[in-house]
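**Q** Provided below: model.txt, containing compact mmCIF, C-alpha atoms.
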# COMPACT_ATOMS: atom_id res chain seq x y z
CA SER I 1 17.60 24.64 -21.94
CA THR I 2 19.67 25.20 -18.83
CA SER I 3 17.17 27.62 -17.28
CA SER I 4 14.31 25.21 -17.87
CA HIS I 5 16.31 22.36 -16.31
CA LEU I 6 17.13 24.50 -13.25
CA THR I 7 13.46 25.51 -12.94
CA ASP I 8 12.36 21.87 -13.00
CA LYS I 9 14.97 20.97 -10.36
CA LEU I 10 13.88 23.87 -8.13
CA PHE I 11 10.22 22.89 -8.53
CA GLU I 12 11.02 19.28 -7.65
CA ARG I 13 13.03 20.35 -4.57
CA ILE I 14 10.21 22.63 -3.34
CA ILE I 15 7.69 19.79 -3.66
CA ALA I 16 10.03 17.40 -1.81
CA MET I 17 10.37 19.89 1.06
CA ALA I 18 6.66 20.71 1.25
CA LEU I 19 5.23 17.20 1.13
CA PRO I 20 4.93 15.27 4.41
CA THR I 21 7.17 12.32 5.24
CA PRO I 22 5.52 9.00 4.24
CA SER I 23 4.64 6.40 6.82
CA SER I 24 7.16 3.74 7.77
CA VAL I 25 5.05 1.09 6.00
CA SER I 26 5.27 2.83 2.63
CA GLN I 27 8.79 4.24 3.08
CA GLU I 28 10.43 1.18 1.49
CA SER I 29 8.10 1.35 -1.51
CA ILE I 30 8.78 5.08 -1.88
CA GLU I 31 12.54 4.48 -1.82
CA GLU I 32 12.25 1.79 -4.51
CA ARG I 33 10.21 4.10 -6.74
CA ILE I 34 12.73 6.91 -6.25
CA GLU I 35 15.55 4.56 -7.24
CA ALA I 36 13.59 3.40 -10.31
CA GLN I 37 12.97 7.02 -11.42
CA ARG I 38 16.63 8.01 -11.39
CA SER I 39 16.91 6.89 -15.02
CA ARG I 40 13.78 8.82 -16.08
CA PRO I 41 13.15 12.54 -16.61
CA SER I 42 12.41 14.49 -13.44
CA LEU I 43 9.11 16.24 -12.75
CA SER I 44 8.49 18.87 -15.43
CA VAL I 45 5.28 20.79 -16.09
CA PRO I 46 5.99 21.30 -19.84
CA LEU I 47 6.84 17.61 -20.27
CA MET I 48 3.71 16.60 -18.36
CA SER I 49 1.58 18.85 -20.57
CA LYS I 50 3.15 17.46 -23.72
CA ASN I 51 2.66 13.83 -22.65
CA PHE I 52 -0.95 14.51 -21.64
CA ILE I 53 -1.70 15.92 -25.10
CA LEU I 54 -0.07 12.93 -26.78
CA MET I 55 -2.00 10.44 -24.64
CA ASN I 56 -5.34 12.24 -24.89
CA ALA I 57 -5.09 12.31 -28.68
CA ARG I 58 -4.95 8.50 -28.68
CA LEU I 59 -7.74 7.70 -26.18
CA SER I 60 -10.66 7.78 -28.61
CA GLY I 61 -10.87 3.99 -28.88
CA VAL I 62 -11.01 3.55 -25.11
CA PHE I 63 -13.85 6.04 -24.70
CA VAL I 64 -15.76 4.59 -27.65
CA LEU I 65 -15.57 1.18 -25.97
CA ILE I 66 -16.83 2.64 -22.65
CA ASP I 67 -19.70 4.42 -24.43
CA GLU I 68 -20.59 1.20 -26.25
CA LEU I 69 -20.70 -0.71 -22.97
CA ILE I 70 -22.91 1.97 -21.42
CA LYS I 71 -25.22 1.86 -24.45
CA VAL I 72 -25.60 -1.91 -24.09
CA LEU I 73 -26.31 -1.86 -20.34
CA SER I 74 -28.68 1.12 -20.55
CA TRP I 75 -30.98 -0.80 -22.95
CA ARG I 76 -31.11 2.18 -25.30
CA TYR I 77 -31.69 -0.28 -28.13
CA PRO I 78 -33.29 -3.43 -26.64
CA THR I 79 -32.70 -5.61 -29.72
CA TYR I 80 -29.01 -4.65 -29.72
CA THR I 81 -28.65 -5.50 -26.02
CA LEU I 82 -30.48 -8.82 -26.41
CA GLY I 83 -28.34 -9.72 -29.41
CA LEU I 84 -25.08 -9.07 -27.51
CA LEU I 85 -26.40 -11.02 -24.51
CA SER I 86 -27.11 -13.94 -26.81
CA ILE I 87 -23.57 -13.75 -28.17
CA TYR I 88 -22.29 -13.58 -24.58
CA THR I 89 -24.25 -16.73 -23.71
CA TRP I 90 -22.89 -18.51 -26.79
CA LEU I 91 -19.31 -17.57 -25.88
CA VAL I 92 -19.76 -18.76 -22.28
CA LEU I 93 -21.08 -22.12 -23.49
CA ASN I 94 -18.21 -22.36 -25.99
CA PRO I 95 -15.20 -20.57 -24.47
CA VAL I 96 -12.94 -21.66 -27.33
CA LEU I 97 -14.82 -19.24 -29.59
CA LEU I 98 -13.29 -16.35 -27.62
CA LEU I 99 -10.18 -16.83 -29.75
CA SER I 100 -12.23 -15.86 -32.81
CA VAL I 101 -13.52 -12.58 -31.36
CA PRO I 102 -10.42 -10.44 -32.15
CA LEU I 103 -10.22 -12.02 -35.62
CA LEU I 104 -13.88 -11.22 -36.32
CA TYR I 105 -13.31 -7.67 -35.09
CA VAL I 106 -10.43 -7.16 -37.53
CA LEU I 107 -12.46 -8.69 -40.37
CA PHE I 108 -15.77 -6.87 -39.99
CA CYS I 109 -14.86 -3.73 -38.02
CA VAL I 110 -11.58 -2.83 -39.74
CA LEU I 111 -11.15 -4.50 -43.12
CA VAL I 112 -14.74 -4.44 -44.48
CA PRO I 113 -15.53 -0.79 -43.54
CA ASN I 114 -12.22 0.43 -44.97
CA TYR I 115 -12.77 -1.55 -48.18
CA LEU I 116 -16.20 0.07 -48.54
CA VAL I 117 -14.55 3.48 -48.09
CA MET I 118 -12.20 2.83 -51.01
CA HIS I 119 -14.88 1.12 -53.18
CA GLN I 120 -17.83 3.25 -52.14
CA PRO I 121 -21.22 1.71 -53.14
CA GLU I 122 -23.86 3.73 -54.91
CA ALA I 123 -26.30 5.39 -52.52
CA LEU I 124 -29.45 3.38 -53.17
CA ILE I 125 -32.51 3.86 -51.01
CA GLY I 126 -33.33 0.92 -48.78
CA MET I 127 -30.08 -0.91 -49.47
CA VAL I 128 -29.22 -3.10 -46.44
CA ASN I 129 -26.17 -4.94 -47.80
CA PRO I 130 -24.32 -2.45 -50.02
CA VAL I 131 -22.44 -3.82 -52.99
CA PRO I 132 -18.98 -2.34 -53.52
CA THR I 133 -18.22 -0.78 -56.88
CA ASP I 134 -16.14 -2.64 -59.42
CA GLY I 135 -12.91 -1.36 -60.79
CA PRO I 136 -10.09 0.56 -59.17
CA SER I 137 -10.30 2.35 -55.85
CA LEU I 138 -12.32 5.54 -55.88
CA ARG I 139 -10.68 7.09 -52.81
CA LYS I 140 -7.45 6.90 -50.88
CA PRO I 141 -7.38 4.78 -47.69
CA GLU I 142 -8.27 6.59 -44.46
CA LEU I 143 -5.49 5.71 -42.04
CA PRO I 144 -6.13 6.09 -38.30
CA THR I 145 -4.19 9.00 -36.79
CA PRO I 146 -4.17 10.70 -33.39
CA ALA I 147 -6.80 13.37 -32.95
CA PRO I 148 -5.44 16.87 -33.69
CA GLU I 149 -5.29 19.25 -30.75
CA THR I 150 -7.75 21.66 -32.39
CA SER I 151 -10.33 19.02 -33.35
CA ARG I 152 -13.67 18.33 -31.69
CA GLU I 153 -12.57 14.74 -31.11
CA PHE I 154 -9.68 15.93 -28.93
CA PHE I 155 -12.06 18.12 -26.92
CA LEU I 156 -14.44 15.17 -26.46
CA ASN I 157 -11.53 13.01 -25.26
CA VAL I 158 -10.63 15.64 -22.64
CA THR I 159 -14.24 15.79 -21.47
CA ASP I 160 -14.57 11.99 -21.33
CA LEU I 161 -11.28 11.71 -19.44
CA GLN I 162 -12.53 14.25 -16.91
CA ASN I 163 -15.80 12.38 -16.37
CA HIS I 164 -14.58 8.77 -16.55
CA MET I 165 -11.89 9.44 -13.96
CA LEU I 166 -14.65 9.01 -11.39
CA LEU I 167 -15.06 5.37 -12.44
CA TYR I 168 -11.54 4.62 -11.23
CA VAL I 169 -11.92 6.86 -8.17
CA THR I 170 -15.15 5.13 -7.12
CA GLY I 171 -13.68 1.66 -7.63
CA TYR I 172 -10.48 2.55 -5.81
CA ASP I 173 -12.34 4.05 -2.85
CA PHE I 174 -14.59 0.98 -2.58
CA VAL I 175 -11.71 -1.50 -2.65
CA ASN I 176 -9.55 0.66 -0.38
CA GLY I 177 -12.33 1.13 2.18
CA LEU I 178 -13.06 -2.60 2.25
CA SER I 179 -9.39 -3.56 2.56
CA ASN I 180 -8.73 -0.92 5.23
CA HIS I 181 -11.45 -2.44 7.38
CA LEU I 182 -10.44 -6.08 6.84
CA LEU I 183 -6.73 -6.33 6.03
CA TYR I 184 -4.76 -3.83 8.10
CA PHE I 185 -5.42 -5.05 11.67
CA ARG I 186 -7.67 -2.17 12.71
CA ASP I 187 -9.46 -4.96 14.54
CA GLU I 188 -6.97 -7.77 15.16
CA ALA I 189 -9.66 -10.42 15.67
CA LEU I 190 -11.39 -9.60 12.38
CA THR I 191 -8.16 -9.48 10.39
CA SER I 192 -6.99 -12.70 12.05
CA CYS I 193 -10.19 -14.36 10.84
CA VAL I 194 -9.50 -13.09 7.31
CA PHE I 195 -5.96 -14.45 7.54
CA VAL I 196 -7.17 -17.90 8.63
CA CYS I 197 -9.82 -17.98 5.89
CA LEU I 198 -7.32 -17.02 3.18
CA LEU I 199 -4.82 -19.57 4.47
CA CYS I 200 -7.49 -22.30 4.40
CA ALA I 201 -8.50 -21.25 0.88
CA VAL I 202 -4.88 -21.50 -0.31
CA ALA I 203 -4.53 -24.93 1.29
CA PHE I 204 -7.78 -26.07 -0.35
CA ASN I 205 -6.68 -24.78 -3.77
CA VAL I 206 -3.27 -26.44 -3.52
CA CYS I 207 -4.26 -29.77 -1.98
CA LEU I 208 -7.87 -30.56 -2.88
CA LEU I 209 -8.92 -28.44 -5.85
CA PRO I 210 -6.79 -30.28 -8.48
CA TRP I 211 -8.25 -33.63 -7.36
CA ILE I 212 -11.81 -32.25 -7.40
CA VAL I 213 -11.32 -30.78 -10.88
CA ARG I 214 -10.05 -34.11 -12.22
CA ARG I 215 -12.97 -36.03 -10.74
CA CYS I 216 -15.79 -33.51 -11.28
CA SER I 217 -14.59 -31.38 -14.18
CA SER I 218 -17.83 -31.66 -16.18
CA PHE I 219 -19.98 -30.66 -13.20
CA ILE I 220 -17.69 -27.72 -12.35
CA VAL I 221 -17.78 -26.49 -15.95
CA PHE I 222 -21.58 -26.77 -15.94
CA VAL I 223 -21.88 -24.77 -12.70
CA VAL I 224 -19.42 -22.08 -13.82
CA GLN I 225 -21.02 -21.67 -17.23
CA TRP I 226 -24.57 -21.35 -15.96
CA GLY I 227 -23.39 -19.14 -13.11
CA LEU I 228 -21.83 -16.74 -15.63
CA ILE I 229 -24.92 -16.87 -17.86
CA VAL I 230 -27.41 -16.25 -15.05
CA GLY I 231 -25.17 -13.60 -13.48
CA GLY I 232 -24.64 -11.78 -16.78
CA TRP I 233 -28.31 -11.76 -17.76
CA SER I 234 -29.36 -10.75 -14.23
CA PHE I 235 -26.90 -7.86 -14.15
CA ALA I 236 -28.03 -6.67 -17.58
CA ALA I 237 -31.68 -6.91 -16.49
CA LEU I 238 -31.00 -4.87 -13.33
CA CYS I 239 -29.33 -2.19 -15.46
CA HIS I 240 -32.60 -1.66 -17.37
CA PRO I 241 -33.90 1.86 -16.60
CA LYS I 242 -37.20 0.39 -15.37
CA TYR I 243 -35.46 -1.56 -12.62
CA TRP I 244 -32.23 0.39 -12.08
CA GLU I 245 -33.99 3.30 -10.36
CA ARG I 246 -35.71 0.86 -7.98
CA VAL I 247 -32.38 -0.80 -7.19
CA ILE I 248 -30.72 2.54 -6.45
CA GLU I 249 -33.65 3.73 -4.34
CA TYR I 250 -33.67 0.47 -2.38
CA TYR I 251 -29.92 0.52 -1.86
CA TYR I 252 -29.78 4.11 -0.60
CA THR I 253 -32.77 3.97 1.75
CA GLU I 254 -32.14 4.31 5.47
CA ASP I 255 -33.78 0.93 6.18
CA THR I 256 -31.43 -0.86 3.81
CA ARG I 257 -28.40 0.90 5.26
CA LEU I 258 -29.40 -0.02 8.81
CA ARG I 259 -30.15 -3.61 7.79
CA ILE I 260 -26.75 -4.03 6.13
CA LEU I 261 -25.00 -2.33 9.04
CA THR I 262 -26.80 -4.58 11.55
CA LEU I 263 -25.90 -7.76 9.69
CA ALA I 264 -22.27 -6.63 9.35
CA ASN I 265 -22.05 -5.78 13.06
CA GLN I 266 -23.57 -9.12 14.05
CA LEU I 267 -21.11 -10.98 11.82
CA GLU I 268 -18.15 -9.01 13.17
CA SER I 269 -19.29 -9.55 16.76
CA HIS I 270 -19.51 -13.29 16.18
CA ILE I 271 -16.05 -13.35 14.57
CA ILE I 272 -14.53 -11.28 17.38
CA ALA I 273 -16.10 -13.62 19.96
CA GLU I 274 -14.62 -16.67 18.22
CA PHE I 275 -11.23 -15.06 17.59
CA TRP I 276 -10.87 -13.43 20.99
CA LEU I 277 -7.26 -12.40 21.45
CA GLU I 278 -5.77 -12.04 24.90
CA ALA I 279 -4.31 -8.60 25.41
CA GLU I 280 -0.54 -8.92 25.55
CA PRO I 281 1.47 -6.68 27.86
CA ALA I 282 3.62 -4.02 26.29
CA GLU I 283 7.21 -5.03 25.57
CA GLU I 284 9.58 -3.78 28.25
CA ARG I 285 13.36 -3.64 28.50
CA GLU I 286 15.89 -2.22 30.87
CA VAL I 287 18.29 0.51 29.84
CA GLU I 288 21.46 1.30 31.73
CA VAL I 289 23.84 4.21 32.12
CA TYR I 290 27.02 4.58 34.15
CA GLU I 291 27.79 7.51 36.42
CA LEU I 292 31.50 8.29 36.09
CA GLN I 293 33.63 10.27 38.55
CA HIS I 294 37.34 11.02 38.94
CA CYS I 295 39.37 12.15 41.94
CA ASN I 296 40.98 15.60 41.84
CA ASP I 297 44.66 15.32 42.79
CA LYS I 298 44.75 18.68 44.56
CA SER I 299 41.46 18.78 46.45
CA LYS I 300 41.13 15.01 46.82
CA GLN I 301 37.42 15.41 45.98
CA TRP I 302 35.46 13.26 43.58
CA GLN I 303 34.23 15.21 40.54
CA SER I 304 31.58 14.10 38.06
CA PHE I 305 32.52 13.01 34.57
CA GLY I 306 28.85 12.67 33.57
CA TYR I 307 26.60 9.80 32.56
CA THR I 308 27.34 7.52 29.63
CA THR I 309 26.46 4.09 28.31
CA ASP I 310 30.06 2.86 28.63
CA ALA I 311 31.77 2.12 31.97
CA TYR I 312 35.16 3.27 30.56
CA THR I 313 37.15 1.01 32.84
CA ASN I 314 40.91 1.61 32.59
CA ARG I 315 40.47 3.49 29.32
CA ALA I 316 43.09 5.82 27.90
CA VAL I 317 40.48 8.53 27.42
CA LEU I 318 40.04 8.67 31.20
CA ARG I 319 43.72 8.65 32.00
CA SER I 320 44.33 11.47 29.54
CA GLY I 321 41.84 13.65 31.39
CA LYS I 322 39.93 14.58 28.21
CA GLN I 323 36.18 15.04 28.09
CA ILE I 324 34.37 11.77 27.39
CA PRO I 325 32.23 12.06 24.26
CA THR I 326 28.42 11.74 24.43
CA THR I 327 28.16 12.25 28.20
CA LEU I 328 25.27 13.92 29.99
CA SER I 329 25.47 15.99 33.14
CA SER I 330 22.39 14.50 34.87
CA LEU I 331 20.03 11.53 34.70
CA SER I 332 17.11 13.79 33.76
CA LYS I 333 18.76 14.44 30.40
CA VAL I 334 19.05 10.75 29.49
CA GLN I 335 16.50 9.91 26.77
CA ALA I 336 14.89 6.57 26.01
CA PRO I 337 15.96 4.74 22.84
CA GLN I 338 14.17 5.60 19.61
CA ARG I 339 10.56 4.30 19.51
CA TRP I 340 10.67 3.57 23.25
CA GLU I 341 9.55 5.59 26.28
CA PHE I 342 10.33 5.42 29.97
CA SER I 343 7.79 3.81 32.27
CA GLY I 344 6.54 5.39 35.48
CA ALA I 345 9.41 4.16 37.67
CA SER I 346 12.43 6.44 38.11
CA TRP I 347 16.11 5.62 37.76
CA LYS I 348 17.30 2.89 40.16
CA LEU I 349 20.81 2.40 41.46
CA ASP I 350 22.21 -1.09 40.93
CA LEU I 351 22.86 -2.43 44.44
CA SER I 352 24.59 -5.57 43.17
CA PRO I 353 27.59 -4.32 41.21
CA GLU I 354 29.10 -7.80 41.06
CA GLY I 355 26.59 -8.75 38.38
CA TRP I 356 27.38 -6.05 35.85
CA VAL I 357 31.08 -6.31 36.62
CA GLN I 358 30.99 -10.00 35.69
CA ARG I 359 28.86 -9.35 32.57
CA ASN I 360 31.31 -6.75 31.32
CA VAL I 361 34.32 -8.96 32.13
CA LEU I 362 35.88 -6.28 34.38
CA TRP I 363 37.03 -8.55 37.19
CA PRO I 364 39.79 -8.60 38.59
CA ASN I 365 40.79 -5.21 37.14
CA VAL I 366 38.46 -3.27 39.43
CA ILE I 367 37.71 -2.88 43.15
CA ILE I 368 34.07 -3.01 44.35
CA ASP I 369 32.93 -0.85 47.27
CA GLN I 370 30.04 -2.84 48.78
CA ASP I 371 28.94 0.08 50.98
CA GLU I 372 28.50 2.84 48.42
CA LYS I 373 28.24 0.51 45.37
CA TRP I 374 31.06 2.25 43.49
CA VAL I 375 33.42 0.30 41.26
CA TYR I 376 36.96 1.73 41.29
CA ASP I 377 39.81 1.28 38.85
CA LEU I 378 42.61 -0.89 40.16
CA GLY I 379 45.56 1.40 40.96
CA GLU I 380 49.16 0.74 41.84
CA ALA I 381 49.94 -1.86 44.53
CA GLY I 382 46.25 -2.92 44.61
CA ALA I 383 45.00 0.48 45.78
CA ARG I 384 41.95 2.28 44.46
CA GLY I 385 42.46 4.21 41.27
CA LEU I 386 41.43 7.74 40.43
CA TYR I 387 38.26 6.77 38.55
CA ARG I 388 35.06 5.14 39.68
CA ARG I 389 31.62 4.36 38.26
CA ARG I 390 28.27 2.93 39.28
CA ARG I 391 25.34 1.63 37.30
CA TRP I 392 21.85 3.13 37.05
CA SER I 393 18.97 1.37 35.31
CA ARG I 394 15.40 2.18 34.27
CA VAL I 395 12.61 0.26 32.55
CA CYS I 396 11.33 1.55 29.20
CA THR I 397 8.30 0.45 27.17
CA ARG I 398 8.17 0.00 23.43
How does this structure look as structure tokens?
**A**
Amino acid sequence: STSSHLTDKLFERIIAMALPTPSSVSQESIEERIEAQRSRPSLSVPLMSKNFILMNARLSGVFVLIDELIKVLSWRYPTYTLGLLSIYTWLVLNPVLLLSVPLLYVLFCVLVPNYLVMHQPEALIGMVNPVPTDGPSLRKPELPTPAPETSREFFLNVTDLQNHMLLYVTGYDFVNGLSNHLLYFRDEALTSCVFVCLLCAVAFNVCLLPWIVRRCSSFIVFVVQWGLIVGGWSFAALCHPKYWERVIEYYYTEDTRLRILTLANQLESHIIAEFWLEAEPAEEREVEVYELQHCNDKSKQWQSFGYTTDAYTNRAVLRSGKQIPTTLSSLSKVQAPQRWEFSGASWKLDLSPEGWVQRNVLWPNVIIDQDEKWVYDLGEAGARGLYRRRRWSRVCTR
């Protein structure tokens, strides 16, 4: 409805006004995302609620897979864990068999169970391999559907979504903390070392790795396979409750934390010593403004026109007597350019006006007063005109 649309627009505008301005690094990304969202619905609480319900009703398979992985690594059923580890080893030794995994899943986890639902076997005690009944189907097929909003499955999905969010949060914080320390030039020497290492790795992969793979492919495959096997079995063994508590206790002890911190500091100190960067001076530039004056015909006194970045030599705006735009009444009001600041030195009068006159191609249309350093307009019969200017400069630092 119109009222709902106006409410969504007002809510979106309030959020846009309340949220802080993003950093300059992410501003370009933010602008691209805003441009991409112009063709999508704007922020709407009812639409968000509706989409959350639709998504949550279809997340059962994801959470079942996570629970199955946790059951395997927790060694709740040791024979089940050992059996899957054996299958994992077999697949690592024969990677081509990975293509059969989705087919086997469809065969024995989708087709067979649903066939047994329609041709339900007789409930015989001790039957391990049930035999389907003969004849026509006894039941209708049970088609997978999203979980209803009032079902226990939907409630379990909401609970699992609440709890499993921390898996992503923990992983994101770990990766973000590591990258913040290494990749964003908090310490230029350390990040420079990372840059050189990555560049060398790329050069190795492009230039030498194809040749090594062609010559030593069997050895590389052997190392990778057994590395995956040993790593997988070792990780599964460490996840056993008998050893997992010891690993956690060892990792979170103060001695372990200090040992890791000491090794990391020693490594960083060595890298910083090798990649010592000479401190570069701050970038400096000179800014200039021109002090403009005109002669009053009646009093024959020079009056200030203000300070501006343009010398306005022989300009119609001066001859018309109108106020020059963007002028300032004093040097103290002149600001440094954006993202720059003035250094300690104050404004300095240019004592060599010939230089800036030549740079601005003003000669021979002006007259230079070497005593007071004013540059006058050229009037009639070679006399001084009614307007004059002189240059002031000051150093600013980026």
**Q** So, counting all atoms listed in the file, which residue among I:Trp356, I:Trp90, I:Phe154, I:Tyr252 is closest to Ile229 in chain I?
**A**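 Among the listed residues, the smallest separation from Ile229 in chain I belongs to I:Trp90.
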**Q** Provide the CA of Gln370 in chain I to CA of Glu354 in chain I distance in Å, to one decimal place.
**A**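 Interatomic distance here is 9.2 Å.
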**Q** Select, from I:Asp187, I:Glu142, I:Glu288, I:Asp134, the residue with the minimum atom-to-atom distance to Val117 in chain I, counting all atoms listed in the file.
**A** I:Glu142
**Q** Compile the contact shell of range 73-86 of chain I as a list in words: residues with an atom at most 7 Å away, counting only C-alpha atoms, same-chain residues fewer than 5 positions apart removed.
**A**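 Here the qualifying residues turn out to be Ala236, Cys239, His240 and Pro241 of chain I.
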**Q** Here is a test: counting only C-alpha atoms, which residue of I:Ser343, I:Asn157, I:Ser39, I:Ser269 is nearest to Ala189 in chain I?
**A**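 Ranked by minimum distance to Ala189 in chain I, first place goes to I:Ser269.
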**Q** Counting all atoms listed in the file, which residue out of I:Leu91, I:Leu98, I:Val395, I:Val223 sits closest to Ala282 in chain I?
**A**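 Checking each of I:Leu91, I:Leu98, I:Val395, I:Val223 against Ala282 in chain I, counting all atoms listed in the file, the winner is I:Val395.
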**Q** Just want the 8 Å neighbourhood of range 50-67 of chain I, counted on only C-alpha atoms, with same-chain residues fewer than 2 positions away dropped. Output as number ranges by chain.
**A** I: 46-48, 69-71, 146-149, 153-154, 157-158, 160
**Q** Please compute the CA of Ala36 in chain I-CA of Leu166 in chain I distance, one decimal, in Å.
**A**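 So the two atoms, CA of Ala36 in chain I and CA of Leu166 in chain I, lie 28.8 Å apart.
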**Q** Hey, what's within 9 Å of Leu183 in chain I if we count only C-alpha atoms and toss same-chain stuff fewer than 5 positions away? As a ChimeraX atom specification, please?
**A** /I:178,190-192,194-195
**Q** Separation of CA of Glu249 in chain I and CA of Ser234 in chain I, in Å?
**A**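 Distance reported for this atom pair: 18.1 Å.
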**Q** May I have the residues within 8 Å of Glu122 in chain I as a PDB file with C-alpha atoms, in the frame of the given file, using only C-alpha atoms and disregarding those fewer than 4 positions away in the same chain?
**A**
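Okay, selection.pdb is ready:
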ATOM      1  CA  PRO I 130     -24.320  -2.450 -50.020  1.00  0.00           C
ATOM      2  CA  VAL I 131     -22.440  -3.820 -52.990  1.00  0.00           C
ATOM      3  CA  PRO I 132     -18.980  -2.340 -53.520  1.00  0.00           C
ATOM      4  CA  THR I 133     -18.220  -0.780 -56.880  1.00  0.00           C
TER       5      THR I 133
END
**Q** When you look at Val334 in chain I with a cut-off of 9 Å (counting all atoms listed in the file), what residues show up, excluding the ones that are within fewer than 2 positions of it in the same chain? I need them as JSON, numbers by chain.
**A** {"I": [289, 307, 308, 328, 330, 331, 332, 336]}
**Q** My list of candidates is I:Met118, I:Ser44, I:Ser29, I:Val206. Which is closest to Gly135 in chain I when distances are computed with all atoms listed in the file?
**A**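 Among the listed residues, the smallest separation from Gly135 in chain I belongs to I:Met118.
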**Q** When distances are computed from all atoms listed in the file, which of I:Pro337, I:Ser217, I:Tyr312, I:His119 shows the smallest separation from Leu362 in chain I?
**A** I:Tyr312
